[in-house]
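Have a look at coords.cif; it's mmCIF, C-alpha atoms:
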data_run
loop_
_atom_site.label_atom_id
_atom_site.label_comp_id
_atom_site.auth_asym_id
_atom_site.auth_seq_id
_atom_site.Cartn_x
_atom_site.Cartn_y
_atom_site.Cartn_z
CA MET E 30 56.09 90.59 154.72
CA ILE E 31 59.20 88.97 156.12
CA THR E 32 61.80 91.47 157.17
CA PRO E 33 65.38 90.15 156.98
CA THR E 34 67.11 90.26 160.32
CA THR E 35 70.66 91.40 160.82
CA VAL E 36 72.87 88.32 160.95
CA LEU E 37 76.52 88.12 161.85
CA THR E 38 78.07 86.32 158.89
CA GLU E 39 81.35 85.41 160.60
CA THR E 40 81.77 81.67 160.87
CA ARG E 41 84.49 79.30 161.96
CA PHE E 42 84.11 77.43 158.66
CA SER E 43 86.16 78.49 155.66
CA LYS E 44 84.50 79.87 152.55
CA GLU E 45 85.78 76.86 150.60
CA ALA E 46 84.25 74.41 153.08
CA ILE E 47 80.87 76.13 152.91
CA GLU E 48 80.97 76.21 149.11
CA GLN E 49 81.78 72.50 149.08
CA GLN E 50 78.83 71.82 151.38
CA LEU E 51 76.60 73.88 149.10
CA ARG E 52 77.65 71.84 146.06
CA LYS E 53 76.97 68.61 147.92
CA ILE E 54 73.48 69.73 148.89
CA ILE E 55 72.36 70.94 145.48
CA CYS E 56 73.60 67.69 143.89
CA ASP E 57 71.43 65.65 146.24
CA PRO E 58 68.32 64.03 144.68
CA ILE E 59 66.14 66.18 146.94
CA PHE E 60 67.29 69.27 145.02
CA GLU E 61 68.02 67.80 141.59
CA GLY E 62 64.39 68.06 140.54
CA SER E 63 63.97 71.72 141.49
CA GLU E 64 66.00 74.34 139.67
CA ILE E 65 64.35 77.06 141.76
CA LEU E 66 65.48 75.58 145.08
CA LYS E 67 69.02 75.11 143.77
CA ARG E 68 69.17 78.69 142.51
CA PHE E 69 67.57 80.04 145.69
CA LEU E 70 70.04 78.30 148.01
CA SER E 71 73.06 79.07 145.82
CA PHE E 72 72.13 82.74 145.60
CA ILE E 73 71.64 83.38 149.30
CA VAL E 74 74.76 81.39 150.28
CA ASN E 75 76.98 83.12 147.72
CA GLU E 76 75.64 86.56 148.62
CA THR E 77 76.31 85.89 152.30
CA LEU E 78 79.84 84.64 151.61
CA SER E 79 80.44 87.81 149.58
CA ASP E 80 79.40 89.97 152.57
CA HIS E 81 76.17 91.00 150.86
CA ALA E 82 73.79 89.43 153.38
CA ASN E 83 72.11 92.81 153.88
CA ARG E 84 70.87 92.61 150.27
CA LEU E 85 68.89 89.42 150.86
CA LYS E 86 65.38 90.79 150.70
CA GLU E 87 62.26 89.54 148.99
CA TYR E 88 62.71 91.89 146.06
CA THR E 89 66.32 90.94 145.26
CA ILE E 90 65.54 87.23 145.55
CA ALA E 91 62.47 87.57 143.33
CA VAL E 92 64.45 89.38 140.63
CA ASN E 93 67.68 87.35 140.78
CA VAL E 94 66.31 83.89 141.54
CA LEU E 95 62.73 83.83 140.27
CA ASP E 96 63.34 86.08 137.24
CA LYS E 97 60.65 88.54 138.26
CA PRO E 98 60.64 91.93 136.50
CA ALA E 99 62.08 95.08 138.05
CA SER E 100 58.51 96.21 138.68
CA PHE E 101 57.90 93.29 141.09
CA LYS E 102 56.17 94.32 144.33
CA PRO E 103 56.79 91.93 147.28
CA GLN E 104 53.80 93.28 149.19
CA GLU E 105 51.51 92.02 146.44
CA SER E 106 52.95 88.50 146.15
CA GLY E 107 54.06 85.82 148.58
CA ILE E 108 55.99 83.81 145.98
CA VAL E 109 59.38 84.33 147.64
CA ARG E 110 58.07 83.31 151.05
CA ILE E 111 56.48 80.20 149.55
CA HIS E 112 59.74 79.05 147.97
CA ALA E 113 61.67 79.94 151.14
CA GLY E 114 59.38 77.60 153.07
CA ARG E 115 59.97 74.85 150.51
CA LEU E 116 63.72 75.40 150.81
CA ARG E 117 63.67 75.17 154.61
CA ARG E 118 61.74 71.90 154.45
CA ALA E 119 64.10 70.48 151.81
CA LEU E 120 67.15 71.37 153.92
CA ASN E 121 65.63 69.79 157.02
CA TYR E 122 64.86 66.63 155.07
CA TYR E 123 68.38 66.52 153.63
CA TYR E 124 70.01 66.75 157.07
CA ASP E 125 67.62 64.18 158.51
CA GLU E 126 68.61 61.70 155.80
CA ARG E 127 71.73 61.73 153.59
CA GLY E 128 73.27 64.79 155.24
CA ILE E 129 73.08 63.43 158.75
CA LEU E 130 76.87 62.99 158.99
CA ASP E 131 77.86 66.26 157.30
CA ASN E 132 80.02 68.61 159.35
CA ILE E 133 78.38 71.86 158.23
CA ARG E 134 74.67 72.55 158.53
CA ILE E 135 73.19 75.27 156.35
CA SER E 136 69.88 76.57 157.62
CA ILE E 137 67.58 79.53 157.01
CA PRO E 138 65.96 80.84 160.19
CA LYS E 139 62.32 81.82 159.91
CA GLY E 140 61.93 85.56 159.51
CA SER E 141 65.13 85.86 157.49
CA TYR E 142 66.59 84.93 154.13
CA VAL E 143 70.17 84.98 155.41
CA PRO E 144 71.60 81.46 155.77
CA VAL E 145 73.34 80.34 158.94
CA PHE E 146 76.38 78.05 158.84
CA ALA E 147 76.77 75.94 161.96
CA GLU E 148 78.15 72.64 163.15
CA ASN E 149 75.77 69.83 162.29
CA ASP E 150 75.11 68.71 165.85
CA ASP E 151 73.88 65.14 166.12
CA ASN E 152 71.25 65.96 168.71
CA PHE E 153 72.61 64.48 171.93
CA SER E 154 72.28 67.31 174.45
CA SER E 155 74.21 67.60 177.70
CA ASN E 156 71.19 65.98 179.31
CA SER E 157 70.04 62.96 177.35
CA ARG E 158 66.47 63.48 178.56
CA VAL E 159 66.31 66.74 176.59
CA ARG E 160 66.76 65.96 172.90
CA ASN E 161 65.76 68.14 169.99
CA LYS E 162 64.58 65.22 167.90
CA SER E 163 64.94 61.50 167.48
CA VAL E 164 68.49 60.17 167.63
CA ILE E 165 69.24 57.06 165.58
CA ILE E 166 71.52 54.37 166.99
CA GLY E 167 72.73 51.16 165.40
CA VAL E 168 73.87 48.08 167.32
CA ALA E 169 76.84 46.38 165.66
CA PRO E 170 77.22 42.59 165.87
CA PHE E 171 79.14 41.81 169.06
CA LYS E 172 82.43 39.99 168.63
CA PHE E 173 83.88 37.00 170.47
CA SER E 174 87.61 36.48 170.89
CA SER E 175 87.00 32.88 169.81
CA SER E 176 84.55 31.59 167.22
CA GLY E 177 81.80 29.04 167.58
CA GLU E 178 78.20 28.68 166.48
CA ASP E 179 76.87 28.78 170.04
CA ARG E 180 78.82 31.92 170.85
CA ASN E 181 77.73 33.65 167.66
CA SER E 182 74.15 32.82 168.61
CA PHE E 183 74.73 34.26 172.09
CA ALA E 184 76.18 37.47 170.60
CA ASP E 185 73.28 37.81 168.15
CA GLY E 186 70.85 37.28 171.00
CA ILE E 187 72.27 40.20 172.96
CA GLY E 188 72.46 42.43 169.88
CA ALA E 189 68.88 41.77 168.81
CA GLN E 190 67.50 42.00 172.35
CA LEU E 191 69.40 45.23 173.05
CA SER E 192 68.11 46.79 169.81
CA THR E 193 64.54 45.97 170.81
CA ALA E 194 64.96 47.25 174.37
CA LEU E 195 66.49 50.57 173.28
CA MET E 196 63.42 51.29 171.15
CA ASN E 197 61.48 51.84 174.38
CA ILE E 198 63.57 54.91 175.24
CA GLU E 199 61.79 58.13 174.36
CA ASN E 200 63.07 59.95 171.24
CA LEU E 201 65.54 57.17 170.47
CA SER E 202 65.30 55.33 167.16
CA VAL E 203 67.19 52.10 166.54
CA ALA E 204 68.31 50.61 163.24
CA GLY E 205 67.21 47.02 162.68
CA TYR E 206 69.77 44.64 164.17
CA TYR E 207 69.76 42.10 161.34
CA VAL E 208 70.05 44.92 158.81
CA MET E 209 73.13 46.08 160.71
CA ARG E 210 74.55 42.55 160.78
CA SER E 211 74.05 42.20 157.02
CA LEU E 212 75.80 45.52 156.36
CA PHE E 213 78.76 44.59 158.56
CA SER E 214 79.11 41.29 156.72
CA LYS E 215 79.74 43.28 153.53
CA GLN E 216 82.80 44.90 155.18
CA LEU E 217 81.54 48.42 154.59
CA SER E 218 83.07 51.38 156.41
CA LEU E 219 81.32 52.79 159.47
CA GLU E 220 80.32 55.91 157.54
CA GLU E 221 78.85 53.83 154.71
CA ILE E 222 76.83 51.78 157.19
CA ALA E 223 75.72 54.89 159.06
CA THR E 224 74.62 56.59 155.85
CA HIS E 225 72.64 53.51 154.82
CA VAL E 226 70.62 53.35 158.05
CA GLY E 227 70.80 57.05 158.97
CA ALA E 228 72.52 56.40 162.32
CA GLN E 229 74.57 58.99 164.19
CA TYR E 230 75.79 56.60 166.89
CA LEU E 231 76.97 53.01 167.01
CA ILE E 232 77.05 50.53 169.88
CA THR E 233 79.84 47.97 169.65
CA GLY E 234 80.80 45.14 171.96
CA ASP E 235 83.32 42.34 172.31
CA PHE E 236 83.35 39.25 174.52
CA GLN E 237 86.11 37.27 176.15
CA ILE E 238 85.54 33.94 177.90
CA MET E 239 88.19 32.28 180.05
CA LYS E 240 87.47 29.39 182.40
CA ASN E 241 83.73 30.12 182.41
CA ASN E 242 84.31 33.80 183.18
CA LEU E 243 82.71 36.15 180.66
CA ARG E 244 83.95 39.70 180.16
CA LEU E 245 82.02 42.08 177.91
CA HIS E 246 83.14 45.54 176.80
CA ILE E 247 80.41 47.78 175.34
CA GLN E 248 81.10 51.15 173.73
CA LEU E 249 79.05 53.98 172.25
CA ILE E 250 80.77 55.71 169.33
CA ARG E 251 79.82 58.92 167.55
CA ILE E 252 80.23 57.80 163.96
CA ARG E 253 80.99 61.15 162.32
CA THR E 254 83.97 61.86 164.58
CA SER E 255 84.84 58.31 165.76
CA GLN E 256 84.67 59.75 169.28
CA LEU E 257 84.15 57.33 172.16
CA MET E 258 81.13 58.69 174.04
CA TRP E 259 80.58 55.98 176.65
CA SER E 260 82.10 52.66 177.67
CA GLN E 261 81.29 49.97 180.21
CA MET E 262 82.65 46.55 181.16
CA TYR E 263 80.55 43.67 182.50
CA GLU E 264 81.87 40.47 184.08
CA ARG E 265 79.74 37.39 184.71
CA LYS E 266 80.06 33.66 185.33
CA PHE E 267 79.19 31.96 182.06
CA SER E 268 77.68 28.57 181.32
CA GLN E 269 75.33 27.05 178.77
CA GLU E 270 72.57 27.05 181.38
CA ASN E 271 72.65 30.76 182.23
CA GLN E 272 73.06 32.31 178.75
CA PHE E 273 69.54 33.76 178.62
CA GLU E 274 69.86 35.07 182.16
CA ILE E 275 73.11 36.86 181.25
CA GLN E 276 71.54 38.31 178.10
CA ASP E 277 68.57 39.66 180.06
CA GLU E 278 70.77 41.11 182.79
CA ILE E 279 73.22 42.85 180.45
CA VAL E 280 70.48 44.28 178.23
CA HIS E 281 68.63 45.56 181.30
CA GLN E 282 71.74 47.28 182.68
CA VAL E 283 72.74 48.85 179.35
CA THR E 284 69.21 50.12 178.77
CA ASN E 285 69.16 51.69 182.23
CA GLU E 286 72.47 53.40 181.45
CA PHE E 287 71.03 54.90 178.27
CA GLU E 288 67.98 56.20 180.11
CA THR E 289 70.19 58.56 182.12
CA LEU E 290 73.23 58.86 179.88
CA ALA E 291 74.59 62.41 179.49
CA ILE E 292 76.69 62.87 176.36
#
Could I get this structure in the form of structure tokens?
Amino acid sequence: MITPTTVLTETRFSKEAIEQQLRKIICDPIFEGSEILKRFLSFIVNETLSDHANRLKEYTIAVNVLDKPASFKPQESGIVRIHAGRLRRALNYYYDERGILDNIRISIPKGSYVPVFAENDDNFSSNSRVRNKSVIIGVAPFKFSSSGEDRNSFADGIGAQLSTALMNIENLSVAGYYVMRSLFSKQLSLEEIATHVGAQYLITGDFQIMKNNLRLHIQLIRIRTSQLMWSQMYERKFSQENQFEIQDEIVHQVTNEFETLAI
């Protein structure tokens, strides 16, 4: 039998913010098809917000959520534990997909039925070599200060090559570059694009060319907060003959930066 642990229910989030997050979750397609999961999550969240977390035991959940009779004996049935496992998996799936940019993460630690309300960290640790799970990055189409078919081709070359190179970094997932380019062409907001591809971070870049001198600014942005996480400037001599060489060199240097980047 699972014994509920004592959990401090104080949180820096307001009750209204948590209730709003709850409503968003139970309206998601993951939960729409399961009345039990919606009732289970709503019950334990509302009980916790009402300072009744100590009541969240198998018996009370069975009676109030699963409509079991007052004679229900938890020691003779694992039905509550089974649905709790389903709920944990559904929450994890929600936050891995459509909830990836949400501010509040609701979770249910194993060994307890009391929900925890925490900041939905986007999984970059202080040491980028230690990540809890795969981080998803999208590379936005790089911009030139002046237009031209050859320069657009050069920018696409760096974007596509960088996307491919970043895939070789352990625990780093990369959204398809031409998918990103198509989404940007539709003039969607950053959050809309991020939600579509599931990305937490975005790499952007812009070029300037003056008298055969190329200057490139590259930035890494945390999409949910619009926070600038990393920035670098590269300067190179530019000509039609050395375009591929510049692409290779810049992609190599950026990839090396991401191998050791601490965010």
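Using all atoms listed in the file, the smallest distance between any of E:Tyr230, E:Phe287, E:Phe171, E:Phe183 and Ala204 (chain E) comes from E:Tyr230.
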* To do: Do a neighbour search on Ile187 (chain E) at 12 Å with only C-alpha atoms, toss out local chain neighbours closer than 6 positions, and write the hits as a ChimeraX atom specification.
  => /E:168-172,180-181,193-195,206,232-236,245,247,272-281,283-284
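The smallest atom-to-atom distance between Asp125 (chain E) and any of E:Asn75, E:Ser106, E:Asn93, E:Asn149, using all atoms listed in the file, is found for E:Asn149.
Taking only C-alpha atoms into account, Lys86 (chain E) lies nearest to E:Ser141 out of the set E:Ser255, E:Ser141, E:Asn132, E:Gln49.
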* Asked: Could you spell out the hits of the PyMOL selection byres ((chain E and resi 113) around 12) on the shown file, as a ChimeraX atom specification?
  -> /E:31,65-70,73,85-87,90-91,94-95,107-112,114-120,136-144
* Asked: Evaluating the PyMOL selection byres ((chain E and resi 51) around 10) on the displayed file yields which residues, as a list in words?
  -> Glu45, Ala46, Ile47, Glu48, Gln49, Gln50, Arg52, Lys53, Ile54, Ile55, Cys56, Lys67, Leu70, Ser71, Val74, Asn75, Ile133, Arg134 and Ile135 of chain E
Those same residues - C-alpha atoms - I'd like them written as a short mmCIF file (atom, residue, chain, number, x, y, z; two decimals), in the coordinates of the input.
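File produced: selection-v2.cif:
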data_model
loop_
_atom_site.label_atom_id
_atom_site.label_comp_id
_atom_site.auth_asym_id
_atom_site.auth_seq_id
_atom_site.Cartn_x
_atom_site.Cartn_y
_atom_site.Cartn_z
CA GLU E 45 85.78 76.86 150.60
CA ALA E 46 84.25 74.41 153.08
CA ILE E 47 80.87 76.13 152.91
CA GLU E 48 80.97 76.21 149.11
CA GLN E 49 81.78 72.50 149.08
CA GLN E 50 78.83 71.82 151.38
CA ARG E 52 77.65 71.84 146.06
CA LYS E 53 76.97 68.61 147.92
CA ILE E 54 73.48 69.73 148.89
CA ILE E 55 72.36 70.94 145.48
CA CYS E 56 73.60 67.69 143.89
CA LYS E 67 69.02 75.11 143.77
CA LEU E 70 70.04 78.30 148.01
CA SER E 71 73.06 79.07 145.82
CA VAL E 74 74.76 81.39 150.28
CA ASN E 75 76.98 83.12 147.72
CA ILE E 133 78.38 71.86 158.23
CA ARG E 134 74.67 72.55 158.53
CA ILE E 135 73.19 75.27 156.35
#
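Going from CA of Arg253 (chain E) to CA of Leu130 (chain E) covers 5.6 Å.
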Missing atoms in region 131-150 of chain E: can you complete it with N, CA, C and O atoms, as a PDB file, in the coordinates of the input?
ATOM      1  N   ASP E 131      77.111  65.104 157.784  1.00  0.00           N
ATOM      2  CA  ASP E 131      77.860  66.260 157.300  1.00  0.00           C
ATOM      3  C   ASP E 131      78.340  67.117 158.469  1.00  0.00           C
ATOM      4  O   ASP E 131      77.675  67.209 159.503  1.00  0.00           O
ATOM      5  N   ASN E 132      79.476  67.758 158.292  1.00  0.00           N
ATOM      6  CA  ASN E 132      80.020  68.610 159.350  1.00  0.00           C
ATOM      7  C   ASN E 132      79.329  69.963 159.433  1.00  0.00           C
ATOM      8  O   ASN E 132      79.171  70.526 160.513  1.00  0.00           O
ATOM      9  N   ILE E 133      78.955  70.510 158.276  1.00  0.00           N
ATOM     10  CA  ILE E 133      78.380  71.860 158.230  1.00  0.00           C
ATOM     11  C   ILE E 133      76.886  71.777 157.948  1.00  0.00           C
ATOM     12  O   ILE E 133      76.456  71.098 157.012  1.00  0.00           O
ATOM     13  N   ARG E 134      76.121  72.476 158.747  1.00  0.00           N
ATOM     14  CA  ARG E 134      74.670  72.550 158.530  1.00  0.00           C
ATOM     15  C   ARG E 134      74.317  73.947 158.038  1.00  0.00           C
ATOM     16  O   ARG E 134      74.639  74.942 158.694  1.00  0.00           O
ATOM     17  N   ILE E 135      73.683  74.007 156.889  1.00  0.00           N
ATOM     18  CA  ILE E 135      73.190  75.270 156.350  1.00  0.00           C
ATOM     19  C   ILE E 135      71.703  75.355 156.630  1.00  0.00           C
ATOM     20  O   ILE E 135      70.944  74.468 156.242  1.00  0.00           O
ATOM     21  N   SER E 136      71.291  76.412 157.294  1.00  0.00           N
ATOM     22  CA  SER E 136      69.880  76.570 157.620  1.00  0.00           C
ATOM     23  C   SER E 136      69.450  78.004 157.351  1.00  0.00           C
ATOM     24  O   SER E 136      70.284  78.908 157.231  1.00  0.00           O
ATOM     25  N   ILE E 137      68.140  78.199 157.252  1.00  0.00           N
ATOM     26  CA  ILE E 137      67.580  79.530 157.010  1.00  0.00           C
ATOM     27  C   ILE E 137      66.553  79.796 158.097  1.00  0.00           C
ATOM     28  O   ILE E 137      65.434  79.266 158.047  1.00  0.00           O
ATOM     29  N   PRO E 138      66.902  80.578 159.099  1.00  0.00           N
ATOM     30  CA  PRO E 138      65.960  80.840 160.190  1.00  0.00           C
ATOM     31  C   PRO E 138      64.684  81.509 159.668  1.00  0.00           C
ATOM     32  O   PRO E 138      64.723  82.301 158.726  1.00  0.00           O
ATOM     33  N   LYS E 139      63.569  81.165 160.278  1.00  0.00           N
ATOM     34  CA  LYS E 139      62.320  81.820 159.910  1.00  0.00           C
ATOM     35  C   LYS E 139      62.409  83.304 160.225  1.00  0.00           C
ATOM     36  O   LYS E 139      62.948  83.702 161.239  1.00  0.00           O
ATOM     37  N   GLY E 140      61.858  84.123 159.341  1.00  0.00           N
ATOM     38  CA  GLY E 140      61.930  85.560 159.510  1.00  0.00           C
ATOM     39  C   GLY E 140      63.136  86.176 158.852  1.00  0.00           C
ATOM     40  O   GLY E 140      63.377  87.372 158.978  1.00  0.00           O
ATOM     41  N   SER E 141      63.915  85.365 158.140  1.00  0.00           N
ATOM     42  CA  SER E 141      65.130  85.860 157.490  1.00  0.00           C
ATOM     43  C   SER E 141      65.385  85.051 156.229  1.00  0.00           C
ATOM     44  O   SER E 141      64.914  83.916 156.087  1.00  0.00           O
ATOM     45  N   TYR E 142      66.131  85.653 155.312  1.00  0.00           N
ATOM     46  CA  TYR E 142      66.590  84.930 154.130  1.00  0.00           C
ATOM     47  C   TYR E 142      68.109  84.741 154.162  1.00  0.00           C
ATOM     48  O   TYR E 142      68.694  84.287 153.182  1.00  0.00           O
ATOM     49  N   VAL E 143      68.721  85.096 155.272  1.00  0.00           N
ATOM     50  CA  VAL E 143      70.170  84.980 155.410  1.00  0.00           C
ATOM     51  C   VAL E 143      70.509  83.607 155.987  1.00  0.00           C
ATOM     52  O   VAL E 143      70.071  83.268 157.087  1.00  0.00           O
ATOM     53  N   PRO E 144      71.280  82.804 155.273  1.00  0.00           N
ATOM     54  CA  PRO E 144      71.600  81.460 155.770  1.00  0.00           C
ATOM     55  C   PRO E 144      72.562  81.511 156.953  1.00  0.00           C
ATOM     56  O   PRO E 144      73.372  82.433 157.087  1.00  0.00           O
ATOM     57  N   VAL E 145      72.455  80.499 157.789  1.00  0.00           N
ATOM     58  CA  VAL E 145      73.340  80.340 158.940  1.00  0.00           C
ATOM     59  C   VAL E 145      74.172  79.084 158.725  1.00  0.00           C
ATOM     60  O   VAL E 145      73.654  78.045 158.305  1.00  0.00           O
ATOM     61  N   PHE E 146      75.467  79.184 159.007  1.00  0.00           N
ATOM     62  CA  PHE E 146      76.380  78.050 158.840  1.00  0.00           C
ATOM     63  C   PHE E 146      76.840  77.618 160.230  1.00  0.00           C
ATOM     64  O   PHE E 146      77.509  78.372 160.934  1.00  0.00           O
ATOM     65  N   ALA E 147      76.476  76.411 160.608  1.00  0.00           N
ATOM     66  CA  ALA E 147      76.770  75.940 161.960  1.00  0.00           C
ATOM     67  C   ALA E 147      77.210  74.488 161.925  1.00  0.00           C
ATOM     68  O   ALA E 147      77.040  73.788 160.925  1.00  0.00           O
ATOM     69  N   GLU E 148      77.783  74.045 163.040  1.00  0.00           N
ATOM     70  CA  GLU E 148      78.150  72.640 163.150  1.00  0.00           C
ATOM     71  C   GLU E 148      76.891  71.797 163.137  1.00  0.00           C
ATOM     72  O   GLU E 148      75.897  72.130 163.782  1.00  0.00           O
ATOM     73  N   ASN E 149      76.926  70.717 162.392  1.00  0.00           N
ATOM     74  CA  ASN E 149      75.770  69.830 162.290  1.00  0.00           C
ATOM     75  C   ASN E 149      75.719  68.928 163.508  1.00  0.00           C
ATOM     76  O   ASN E 149      76.164  67.788 163.483  1.00  0.00           O
ATOM     77  N   ASP E 150      75.185  69.452 164.596  1.00  0.00           N
ATOM     78  CA  ASP E 150      75.110  68.710 165.850  1.00  0.00           C
ATOM     79  C   ASP E 150      74.231  67.498 165.670  1.00  0.00           C
ATOM     80  O   ASP E 150      73.189  67.550 165.031  1.00  0.00           O
TER      81      ASP E 150
END
